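The file work-v5.tsv contains TSV, C-alpha atoms and all ligand atoms:
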```
chain	number	residue	atom	x	y	z
A	1	MET	CA	16.12	64.11	-4.93
A	2	LYS	CA	19.26	62.42	-3.67
A	3	THR	CA	18.99	59.42	-1.32
A	4	LYS	CA	20.92	61.17	1.43
A	5	ASP	CA	18.57	64.21	1.29
A	6	ILE	CA	15.47	62.00	1.44
A	7	ILE	CA	16.87	60.25	4.52
A	8	LYS	CA	17.83	63.60	6.06
A	9	ASP	CA	14.24	64.91	5.73
A	10	HIS	CA	12.97	61.79	7.47
A	11	ASP	CA	15.52	62.17	10.24
A	12	LEU	CA	14.66	65.83	10.81
A	13	TYR	CA	10.90	65.96	10.35
A	14	VAL	CA	9.43	62.47	10.79
A	15	MET	CA	8.94	61.11	14.32
A	16	GLN	CA	11.68	58.60	14.97
A	17	THR	CA	9.41	55.67	15.80
A	18	TYR	CA	10.88	53.28	13.21
A	19	GLY	CA	14.23	51.61	12.78
A	20	ARG	CA	14.69	52.01	9.02
A	21	TYR	CA	17.10	50.22	6.68
A	22	PRO	CA	18.98	52.53	4.30
A	23	LEU	CA	16.68	51.87	1.34
A	24	VAL	CA	14.52	54.43	-0.44
A	25	ILE	CA	11.90	52.55	-2.44
A	26	ALA	CA	11.15	54.59	-5.52
A	27	LYS	CA	9.28	52.04	-7.65
A	28	ALA	CA	7.73	48.61	-7.19
A	29	LYS	CA	6.17	45.99	-9.44
A	30	GLY	CA	5.17	42.43	-8.62
A	31	GLN	CA	7.94	40.72	-6.67
A	32	TYR	CA	10.45	43.51	-7.13
A	33	VAL	CA	11.21	46.99	-5.82
A	34	TRP	CA	13.75	49.51	-7.11
A	35	ASP	CA	15.67	52.01	-5.02
A	36	ASN	CA	16.25	55.66	-5.76
A	37	ASN	CA	19.33	54.80	-7.82
A	38	GLY	CA	17.59	52.16	-9.92
A	39	LYS	CA	18.97	49.10	-8.10
A	40	LYS	CA	16.53	46.16	-8.17
A	41	TYR	CA	15.60	44.05	-5.11
A	42	LEU	CA	13.63	40.83	-4.80
A	43	ASP	CA	10.97	41.45	-2.13
A	44	PHE	CA	10.35	38.44	0.11
A	45	PHE	CA	8.75	40.64	2.78
A	46	PRO	CA	6.48	42.93	0.75
A	47	GLY	CA	5.26	45.65	3.09
A	48	TRP	CA	4.97	43.25	6.04
A	49	ALA	CA	2.48	41.28	3.89
A	50	VAL	CA	0.51	44.37	2.82
A	51	SER	CA	1.57	43.90	-0.81
A	52	GLY	CA	0.66	40.24	-0.46
A	53	ILE	CA	-0.31	39.72	-4.10
A	54	GLY	CA	2.76	41.62	-5.28
A	55	HIS	CA	3.39	45.32	-5.64
A	56	CYS	CA	1.02	47.30	-7.87
A	57	HIS	CA	-0.95	44.26	-9.03
A	58	PRO	CA	-2.43	45.26	-12.41
A	59	LEU	CA	-6.01	44.49	-11.35
A	60	VAL	CA	-5.67	46.48	-8.12
A	61	VAL	CA	-4.18	49.41	-10.04
A	62	LYS	CA	-6.93	49.28	-12.69
A	63	ARG	CA	-9.83	49.11	-10.21
A	64	ALA	CA	-8.39	51.79	-7.93
A	65	LYS	CA	-7.75	54.12	-10.88
A	66	GLU	CA	-11.28	53.64	-12.19
A	67	GLN	CA	-12.69	54.35	-8.73
A	68	VAL	CA	-10.56	57.49	-8.13
A	69	ALA	CA	-12.15	59.04	-11.22
A	70	LYS	CA	-15.68	58.29	-9.94
A	71	VAL	CA	-15.74	59.11	-6.23
A	72	ILE	CA	-12.85	59.02	-3.76
A	73	HIS	CA	-14.66	59.20	-0.45
A	74	VAL	CA	-18.19	58.45	0.66
A	75	PRO	CA	-18.98	59.16	4.31
A	76	ASN	CA	-20.46	56.32	6.31
A	77	ASN	CA	-23.79	58.11	6.92
A	78	TYR	CA	-24.51	57.35	3.23
A	79	TYR	CA	-24.17	54.18	1.18
A	80	ASN	CA	-21.29	53.51	-1.18
A	81	LEU	CA	-21.48	51.15	-4.14
A	82	LEU	CA	-18.73	48.79	-3.03
A	83	GLN	CA	-18.72	48.40	0.76
A	84	GLY	CA	-21.61	45.92	0.89
A	85	LYS	CA	-20.13	44.01	-2.04
A	86	LEU	CA	-16.78	43.65	-0.27
A	87	ALA	CA	-18.41	42.64	3.03
A	88	LYS	CA	-20.37	39.96	1.12
A	89	GLU	CA	-17.13	38.68	-0.46
A	90	ILE	CA	-15.41	38.45	2.95
A	91	ILE	CA	-18.38	36.63	4.47
A	92	LYS	CA	-18.70	34.29	1.48
A	93	ASN	CA	-15.08	33.29	2.02
A	94	SER	CA	-15.07	33.03	5.83
A	95	PHE	CA	-18.13	32.48	8.03
A	96	SER	CA	-21.66	33.77	8.38
A	97	GLY	CA	-21.79	37.26	9.89
A	98	THR	CA	-21.23	40.96	9.19
A	99	VAL	CA	-18.20	43.20	8.69
A	100	PHE	CA	-17.03	46.53	10.11
A	101	PHE	CA	-14.44	48.36	8.00
A	102	CYS	CA	-11.56	50.44	9.36
A	103	ASN	CA	-8.04	51.33	8.24
A	104	SER	CA	-5.51	49.05	9.90
A	105	GLY	CA	-4.97	45.87	11.85
A	106	ALA	CA	-4.73	47.66	15.19
A	107	GLU	CA	-8.00	49.44	14.52
A	108	ALA	CA	-9.68	46.12	13.70
A	109	ILE	CA	-8.33	44.76	17.00
A	110	GLU	CA	-9.62	47.83	18.88
A	111	GLY	CA	-13.01	47.18	17.31
A	112	ALA	CA	-12.85	43.53	18.40
A	113	ILE	CA	-12.04	44.56	21.99
A	114	LYS	CA	-14.95	47.01	22.06
A	115	LEU	CA	-17.25	44.40	20.54
A	116	VAL	CA	-16.28	41.83	23.17
A	117	ARG	CA	-16.75	44.32	26.00
A	118	LYS	CA	-20.19	45.34	24.74
A	119	TYR	CA	-21.24	41.73	24.16
A	120	GLY	CA	-20.22	40.62	27.65
A	121	TYR	CA	-21.37	43.77	29.46
A	122	PRO	CA	-21.47	44.03	32.44
A	123	LYS	CA	-20.51	40.55	33.69
A	124	LYS	CA	-17.86	39.36	31.24
A	125	TYR	CA	-15.03	41.68	30.29
A	126	GLU	CA	-11.74	39.81	30.66
A	127	ILE	CA	-9.82	38.96	27.51
A	128	ILE	CA	-7.16	36.25	27.39
A	129	SER	CA	-4.50	36.44	24.69
A	130	MET	CA	-1.24	34.65	24.05
A	131	LYS	CA	2.34	35.24	25.08
A	132	LYS	CA	4.47	36.19	22.04
A	133	SER	CA	1.35	37.46	20.28
A	134	PHE	CA	1.28	40.72	18.33
A	135	HIS	CA	-1.90	42.71	17.77
A	136	GLY	CA	-0.83	46.27	16.92
A	137	ARG	CA	0.22	49.55	18.50
A	138	THR	CA	-2.81	51.34	19.94
A	139	LEU	CA	-2.99	51.31	23.74
A	140	ALA	CA	-5.52	48.45	23.92
A	141	ALA	CA	-3.73	46.54	21.14
A	142	ILE	CA	-0.37	46.65	22.94
A	143	THR	CA	-2.15	45.58	26.13
A	144	LEU	CA	-3.59	42.59	24.26
A	145	THR	CA	-0.14	41.87	22.81
A	146	GLY	CA	1.63	39.33	25.01
A	147	GLN	CA	5.11	40.83	24.88
A	148	PRO	CA	6.27	43.01	27.79
A	149	LYS	CA	8.68	44.96	25.56
A	150	TYR	CA	5.69	46.66	23.91
A	151	HIS	CA	4.23	47.71	27.28
A	152	LYS	CA	7.38	49.39	28.54
A	153	GLY	CA	6.86	53.10	29.27
A	154	PHE	CA	3.11	53.05	28.53
A	155	LYS	CA	1.68	51.97	31.88
A	156	PRO	CA	-0.91	52.11	33.33
A	157	LEU	CA	-2.45	49.86	30.70
A	158	PRO	CA	-6.19	49.20	30.39
A	159	LYS	CA	-7.47	46.54	32.81
A	160	GLY	CA	-8.99	43.15	32.09
A	161	PHE	CA	-6.27	41.54	29.96
A	162	LYS	CA	-4.34	38.30	30.66
A	163	HIS	CA	-1.63	36.45	28.73
A	164	VAL	CA	-1.00	32.73	28.69
A	165	GLU	CA	1.48	30.46	26.94
A	166	PHE	CA	0.62	29.73	23.29
A	167	ASN	CA	-0.32	26.13	22.42
A	168	ASN	CA	-0.68	25.29	26.15
A	169	PHE	CA	-4.30	24.36	26.79
A	170	GLU	CA	-3.89	23.69	30.52
A	171	ALA	CA	-2.49	27.20	31.07
A	172	LEU	CA	-5.41	28.67	29.16
A	173	LYS	CA	-7.99	26.63	31.05
A	174	LYS	CA	-6.51	27.77	34.36
A	175	ALA	CA	-6.73	31.44	33.34
A	176	VAL	CA	-10.44	31.28	32.46
A	177	THR	CA	-12.86	32.74	35.02
A	178	LYS	CA	-16.56	33.62	35.02
A	179	LYS	CA	-15.49	37.04	33.79
A	180	THR	CA	-13.72	35.74	30.68
A	181	ALA	CA	-15.39	37.29	27.66
A	182	ALA	CA	-13.00	36.28	24.87
A	183	ILE	CA	-9.85	34.40	23.88
A	184	VAL	CA	-7.73	35.98	21.15
A	185	ILE	CA	-5.33	33.88	19.07
A	186	GLU	CA	-3.28	34.28	15.92
A	187	PRO	CA	-3.59	30.78	14.38
A	188	ILE	CA	0.00	31.36	13.28
A	189	GLN	CA	1.88	33.93	15.34
A	190	GLY	CA	3.70	36.24	12.93
A	191	GLU	CA	5.79	38.77	14.78
A	192	GLY	CA	6.12	36.27	17.65
A	193	GLY	CA	8.28	34.07	15.43
A	194	ILE	CA	6.01	32.09	13.03
A	195	ASN	CA	4.60	29.81	15.72
A	196	VAL	CA	1.90	27.51	14.36
A	197	ALA	CA	-1.05	26.58	16.61
A	198	THR	CA	-1.60	22.83	16.75
A	199	LYS	CA	-4.89	21.37	15.57
A	200	GLU	CA	-5.44	19.60	18.88
A	201	TYR	CA	-4.95	22.87	20.79
A	202	LEU	CA	-7.34	24.99	18.72
A	203	LYS	CA	-10.01	22.27	18.77
A	204	LYS	CA	-9.84	22.19	22.57
A	205	VAL	CA	-9.94	25.99	22.74
A	206	LYS	CA	-13.04	26.05	20.53
A	207	ALA	CA	-14.78	23.47	22.75
A	208	LEU	CA	-13.86	25.47	25.87
A	209	CYS	CA	-15.29	28.63	24.30
A	210	ASN	CA	-18.52	26.83	23.37
A	211	ASN	CA	-18.92	25.35	26.85
A	212	GLN	CA	-18.28	28.57	28.77
A	213	ASP	CA	-19.90	31.11	26.45
A	214	ILE	CA	-16.56	32.71	25.59
A	215	LEU	CA	-15.96	34.37	22.23
A	216	LEU	CA	-13.16	32.95	20.10
A	217	ILE	CA	-11.31	35.65	18.18
A	218	PHE	CA	-8.77	34.85	15.48
A	219	ASP	CA	-6.41	37.65	14.53
A	220	GLU	CA	-5.77	36.88	10.86
A	221	VAL	CA	-4.26	40.26	10.03
A	222	GLN	CA	-1.07	38.52	8.91
A	223	SER	CA	-2.17	34.92	8.29
A	224	GLY	CA	-5.33	35.75	6.32
A	225	MET	CA	-5.99	36.33	2.60
A	226	GLY	CA	-4.32	33.24	1.21
A	227	ARG	CA	-1.00	33.55	3.00
A	228	THR	CA	-1.06	29.99	4.39
A	229	GLY	CA	-2.52	28.29	1.30
A	230	LYS	CA	-6.15	28.66	2.42
A	231	MET	CA	-8.04	31.95	2.25
A	232	PHE	CA	-7.93	32.09	6.07
A	233	ALA	CA	-5.61	30.11	8.34
A	234	PHE	CA	-8.51	28.92	10.52
A	235	GLU	CA	-9.62	26.70	7.62
A	236	HIS	CA	-6.66	24.39	8.30
A	237	TYR	CA	-8.19	23.55	11.68
A	238	GLY	CA	-11.77	22.62	10.81
A	239	ILE	CA	-13.19	25.20	13.25
A	240	LYS	CA	-14.56	28.71	12.89
A	241	PRO	CA	-14.08	31.72	15.17
A	242	ASP	CA	-16.86	34.02	16.37
A	243	VAL	CA	-14.80	37.07	15.46
A	244	MET	CA	-11.90	37.63	13.05
A	245	THR	CA	-9.67	40.61	12.35
A	246	LEU	CA	-8.12	41.32	8.94
A	247	ALA	CA	-5.86	43.92	7.33
A	248	LYS	CA	-2.54	43.84	5.38
A	249	THR	CA	-3.08	41.86	2.11
A	250	LEU	CA	-6.81	42.62	2.26
A	251	GLY	CA	-6.24	46.02	0.62
A	252	GLY	CA	-3.66	45.02	-2.00
A	253	GLY	CA	-1.47	47.89	-0.72
A	254	PHE	CA	-4.26	50.27	0.28
A	255	PRO	CA	-4.97	50.86	3.99
A	256	ILE	CA	-7.88	48.76	5.17
A	257	GLY	CA	-8.81	46.76	8.25
A	258	ALA	CA	-11.87	44.61	8.82
A	259	LEU	CA	-13.62	43.26	11.86
A	260	VAL	CA	-15.72	40.21	11.01
A	261	ALA	CA	-18.22	38.78	13.51
A	262	SER	CA	-21.14	36.40	13.61
A	263	LYS	CA	-24.49	38.23	13.58
A	264	LYS	CA	-25.30	37.12	17.12
A	265	VAL	CA	-22.20	38.99	18.32
A	266	SER	CA	-22.02	41.92	15.92
A	267	LYS	CA	-25.58	43.07	16.55
A	268	VAL	CA	-24.47	44.61	19.89
A	269	LEU	CA	-22.61	47.32	17.95
A	270	THR	CA	-25.60	49.53	17.18
A	271	PRO	CA	-25.55	52.95	15.43
A	272	GLY	CA	-23.46	55.39	17.43
A	273	THR	CA	-21.41	52.77	19.31
A	274	HIS	CA	-18.52	52.43	16.85
A	275	ALA	CA	-17.28	54.26	13.75
A	276	SER	CA	-14.33	55.09	11.51
A	277	THR	CA	-14.42	58.13	9.22
A	278	PHE	CA	-12.31	56.60	6.44
A	279	GLY	CA	-13.49	53.00	7.01
A	280	GLY	CA	-14.51	51.12	3.86
A	281	SER	CA	-14.00	54.03	1.48
A	282	PRO	CA	-14.72	53.27	-2.20
A	283	ILE	CA	-11.08	53.16	-3.35
A	284	VAL	CA	-9.93	50.66	-0.75
A	285	CYS	CA	-13.05	48.57	-1.33
A	286	ALA	CA	-12.37	48.56	-5.09
A	287	ALA	CA	-8.76	47.52	-4.42
A	288	SER	CA	-9.79	44.84	-1.95
A	289	LEU	CA	-12.39	43.37	-4.31
A	290	ALA	CA	-9.61	43.22	-6.92
A	291	VAL	CA	-7.47	41.25	-4.43
A	292	PHE	CA	-10.21	38.63	-4.00
A	293	GLU	CA	-10.67	38.51	-7.77
A	294	ALA	CA	-6.93	38.09	-8.40
A	295	ILE	CA	-6.60	35.34	-5.78
A	296	LYS	CA	-9.32	33.40	-7.56
A	297	LYS	CA	-8.47	34.24	-11.17
A	298	ASP	CA	-4.74	33.59	-10.80
A	299	LYS	CA	-5.33	30.44	-8.64
A	300	LEU	CA	-3.07	31.88	-5.98
A	301	LEU	CA	-4.03	29.43	-3.23
A	302	LEU	CA	-2.78	26.59	-5.42
A	303	ASN	CA	0.36	28.56	-6.12
A	304	VAL	CA	0.99	29.22	-2.42
A	305	ASN	CA	0.81	25.48	-1.71
A	306	LYS	CA	2.98	24.55	-4.68
A	307	VAL	CA	5.66	27.22	-4.37
A	308	GLY	CA	5.48	27.21	-0.54
A	309	SER	CA	6.37	23.49	-0.47
A	310	TYR	CA	9.18	24.11	-2.93
A	311	LEU	CA	10.54	26.97	-0.82
A	312	VAL	CA	10.48	24.81	2.32
A	313	LYS	CA	12.20	21.94	0.46
A	314	GLU	CA	14.95	24.24	-0.79
A	315	LEU	CA	15.36	25.84	2.66
A	316	GLU	CA	15.73	22.36	4.17
A	317	ILE	CA	18.58	21.75	1.71
A	318	LEU	CA	20.23	24.99	2.86
A	319	LYS	CA	19.72	23.89	6.47
A	320	LYS	CA	21.70	20.70	5.76
A	321	LYS	CA	24.44	22.78	4.15
A	322	TYR	CA	24.58	25.34	6.99
A	323	PRO	CA	23.56	23.35	10.11
A	324	HIS	CA	25.62	25.65	12.36
A	325	ILE	CA	23.42	28.62	11.29
A	326	ILE	CA	19.96	27.21	10.46
A	327	LYS	CA	18.14	25.35	13.21
A	328	GLY	CA	14.80	24.74	11.48
A	329	ILE	CA	12.07	25.91	9.13
A	330	LYS	CA	8.54	26.60	10.37
A	331	GLY	CA	5.24	27.96	9.12
A	332	LYS	CA	2.56	27.17	6.56
A	333	GLY	CA	2.21	28.04	2.89
A	334	LEU	CA	4.14	31.24	2.28
A	335	MET	CA	4.21	32.34	5.93
A	336	LEU	CA	7.63	30.99	6.82
A	337	GLY	CA	10.22	31.40	9.55
A	338	ILE	CA	13.83	30.27	9.42
A	339	GLU	CA	14.94	29.62	12.97
A	340	LEU	CA	18.63	30.36	13.52
A	341	HIS	CA	21.19	29.17	16.06
A	342	ILE	CA	22.62	32.69	16.01
A	343	ASP	CA	21.34	36.24	16.45
A	344	GLY	CA	19.86	37.16	13.07
A	345	THR	CA	19.25	40.89	13.47
A	346	ALA	CA	22.09	41.79	11.09
A	347	LEU	CA	21.01	39.39	8.35
A	348	PRO	CA	18.30	41.54	6.71
A	349	VAL	CA	20.94	44.26	6.22
A	350	LEU	CA	23.34	41.76	4.63
A	351	ALA	CA	20.46	40.47	2.46
A	352	LEU	CA	19.56	44.02	1.45
A	353	LYS	CA	23.11	44.53	0.18
A	354	GLU	CA	22.69	41.38	-1.95
A	355	GLY	CA	19.35	42.65	-3.33
A	356	LEU	CA	16.94	40.60	-1.20
A	357	LEU	CA	14.36	41.94	1.27
A	358	ILE	CA	13.59	39.74	4.30
A	359	ASN	CA	12.79	40.35	7.98
A	360	CYS	CA	14.12	39.17	11.32
A	361	THR	CA	11.83	38.84	14.32
A	362	GLN	CA	12.39	37.79	17.95
A	363	GLY	CA	16.16	38.02	17.39
A	364	ASN	CA	16.62	34.66	15.71
A	365	ILE	CA	13.73	34.05	13.31
A	366	LEU	CA	14.13	35.20	9.72
A	367	ARG	CA	10.69	35.82	8.32
A	368	MET	CA	9.74	35.36	4.68
A	369	LEU	CA	6.25	36.41	3.52
A	370	PRO	CA	6.78	36.58	-0.25
A	371	PRO	CA	3.95	37.59	-2.60
A	372	LEU	CA	1.40	34.83	-3.13
A	373	ASN	CA	2.17	34.86	-6.85
A	374	ILE	CA	5.93	34.18	-6.71
A	375	THR	CA	7.30	31.50	-9.00
A	376	LYS	CA	9.80	28.68	-8.43
A	377	HIS	CA	12.22	30.82	-10.39
A	378	ASN	CA	11.78	33.61	-7.78
A	379	VAL	CA	12.50	31.07	-5.03
A	380	ASP	CA	15.71	29.96	-6.77
A	381	GLU	CA	16.68	33.59	-7.22
A	382	ALA	CA	15.97	34.41	-3.54
A	383	LEU	CA	17.82	31.41	-2.17
A	384	LYS	CA	20.87	32.13	-4.31
A	385	LEU	CA	21.00	35.61	-2.74
A	386	PHE	CA	20.24	34.20	0.70
A	387	GLU	CA	23.08	31.69	0.42
A	388	LYS	CA	25.46	34.58	-0.29
A	389	VAL	CA	24.30	36.03	3.03
A	390	LEU	CA	24.83	32.73	4.86
A	391	LYS	CA	28.37	32.56	3.46
A	392	LYS	CA	29.10	35.96	4.99
A	393	VAL	CA	27.88	35.01	8.48
B	401	LIG	C1	-1.39	39.58	13.73
B	401	LIG	C2	-1.37	41.08	13.67
B	401	LIG	N1	-2.36	41.78	14.23
B	401	LIG	C3	-2.40	43.13	14.19
B	401	LIG	C4	-1.39	43.84	13.58
B	401	LIG	C5	-1.44	45.33	13.54
B	401	LIG	O1	-1.72	45.76	12.24
B	401	LIG	P1	-1.45	47.28	11.81
B	401	LIG	O2	0.03	47.48	11.81
B	401	LIG	O3	-2.07	47.38	10.45
B	401	LIG	O4	-2.12	48.14	12.80
B	401	LIG	C6	-0.32	43.15	12.98
B	401	LIG	C7	0.80	43.88	12.35
B	401	LIG	O5	1.83	43.38	12.07
B	401	LIG	C8	-0.30	41.74	13.03
B	401	LIG	O6	0.69	41.04	12.48
```

Translate the structure described by the file into structure tokens.
Amino acid sequence: MKTKDIIKDHDLYVMQTYGRYPLVIAKAKGQYVWDNNGKKYLDFFPGWAVSGIGHCHPLVVKRAKEQVAKVIHVPNNYYNLLQGKLAKEIIKNSFSGTVFFCNSGAEAIEGAIKLVRKYGYPKKYEIISMKKSFHGRTLAAITLTGQPKYHKGFKPLPKGFKHVEFNNFEALKKAVTKKTAAIVIEPIQGEGGINVATKEYLKKVKALCNNQDILLIFDEVQSGMGRTGKMFAFEHYGIKPDVMTLAKTLGGGFPIGALVASKKVSKVLTPGTHASTFGGSPIVCAASLAVFEAIKKDKLLLNVNKVGSYLVKELEILKKKYPHIIKGIKGKGLMLGIELHIDGTALPVLALKEGLLINCTQGNILRMLPPLNITKHNVDEALKLFEKVLKKV
């Protein structure tokens, strides 16, 4: 099928909820994707971090294929061979508790909101989240999201949500009341512009939560699964949340979301109070277990730290060369933002023409979330293409 016909079908029959770049991805492997005409692109924003260990990782493909031939779906009123195993792996790598499986980040966030409401019922129901946060597109998830642009046209929104400035402890403390049930934070805000929470801030937030019986929820949908050089970003801070949400890289490309909570909290969700028909199906569990295995086997956390530092170092060199365009580099590991002096919304299109996939968020932050297994050679390759873009600005 010709590219223009594929795009035409989308335009005519798919709801127009996405701004799409003119790229039809026909094939993908590791760090690269190929378009419908065979042109190769280096992917430094693989599926918004979904393909976090690279496209079609051989282990993910193998395990998913094996599972498809055995059983594709097991309903959640029976047991499947892999769900408990995956939950155990998540808990082993995070904190003591239990896991609820669903299909996306927003669904994990919805689960977290329901969990908090049930836990605090009836006295505590307010949830405080951060300005510039992003938590997904369901009605409660956009309400939790601290960006008015996502609320526009959808009011009235559910009640009991407040937003405060990120990294500002005094503002948070002021917003807390006797009704505060939970505080939700992305340790590193992704869509909000790669804003890193300070250690001092999160430590104070944790102490506040402990003192006032408030649940601390970390949304690690984007920052989790090795992205920042630790399995979960919270590990950089020496504190643990009561609840954590996961998705994206967790499934190695397959749709999965997970709500993780300490047993004291999760026990309020009893049979009949929450469910997801597709949640934790055998194929996605097989794929997700393969992701954990690959992260360990291929020493990807080490790689993220090594190649992440190299990428930052090389970006700093570009910053010196183009100080009128690049203002600064921020982030951790391979969750990086390039802050610009200029509007950057056109840059991903220019990069696409050069054969490089990147993202722009908040108007002036170029976001790079390359696969955890990229090499220094891939960085050199990407920055060569990126410099071509900078020359055109
Ligand atoms: C931190 C965070 N939470 C939640 C979501 C929503 O995830 P999904 O698009 O899978 O619903 C996203 C998506 O970008 C995210 O970055």

Within 7 Å of range 3-6 of chain A using all atoms listed in the file, minus same-chain residues under 4 positions, as an MDAnalysis selection string: chainID A and resid 10 24 36

Within 8 Å of Gly224 in chain A using all atoms listed in the file, minus same-chain residues under 4 positions, as a ChimeraX atom specification: /A:220,228,231-233,246,249

Distance filter 10 Å around ligand LIG 401 (chain B), atoms: only C-alpha atoms and all ligand atoms, out as a PyMOL selection string: chain A and resi 47-50+103-110+133-138+141-142+145+185-192+218-224+245-248+255-257

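Considering only C-alpha atoms, the residue among A:Pro371, A:Gly30, A:Gly153, A:Pro158 positioned nearest to Tyr125 in chain A is A:Pro158.
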
Residues within 7 Å of Met335 in chain A, all atoms listed in the file, excluding chain neighbours under 2 positions, as a ChimeraX atom specification: /A:227-228,331-333,368-369

Of the listed residues A:Phe100, A:Phe169, A:Lys178, A:Cys360, that which approaches Pro271 in chain A most closely, counting all atoms listed in the file: A:Phe100

Shell of 10 Å around Asn167 in chain A, all atoms listed in the file, local chain residues under 4 positions omitted, as an NGL selection string: :A and (130-131 or 171-172 or 185 or 187 or 195-202 or 205)

Two-atom distance - CA of Leu250 in chain A, CA of Pro58 in chain A (Å): 15.5 Å

Go through range 218-263 of chain A residue by residue and, counting all atoms listed in the file, keep those with an atom at most 7 Å from range 289-306 of chain A; for each kept residue give the shortest atom pair and its distance in Å to one decimal, ordered by chain and increasing number, as a Markdown table.
```
| residue | atom | partner | partner_atom | distance |
| --- | --- | --- | --- | --- |
| A:Gly226 | CA | A:Leu301 | CA | 5.9 |
| A:Gly229 | CA | A:Leu301 | CA | 4.9 |
| A:Lys230 | CA | A:Leu301 | CA | 6.1 |
| A:Leu250 | CA | A:Val291 | CA | 6.9 |
| A:Gly252 | CA | A:Val291 | CA | 5.9 |
```

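If all atoms listed in the file are the atoms counted, then among A:Arg367, A:Lys8, A:His151, A:His73 the closest residue to Pro282 in chain A is A:His73.
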
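We find CA of Ile183 in chain A and CA of Ile91 in chain A to be spaced 21.3 Å apart.
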
Shell around Tyr119 in chain A at 9 Å using only C-alpha atoms, local window under 5 positions removed, as a count of residues only: 9

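Residue nearest Lys263 in chain A, chosen from A:Phe95, A:Glu165, A:Ala287, A:Ile358 and counting all atoms listed in the file: A:Phe95.
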
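Remark: for Leu42 in chain A, the closest of the candidate residues A:Val184, A:Ala28, A:Ala286, A:Val176 is A:Ala28 (distances computed over only C-alpha atoms).
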
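Computed from the coordinates, the CA of Lys173 in chain A to CA of Ala140 in chain A distance equals 23.1 Å.
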
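In this comparison, which uses all atoms listed in the file, the residue of A:Lys204, A:Ala175, A:Lys29, A:Gly38 approaching His57 in chain A most closely is A:Lys29.
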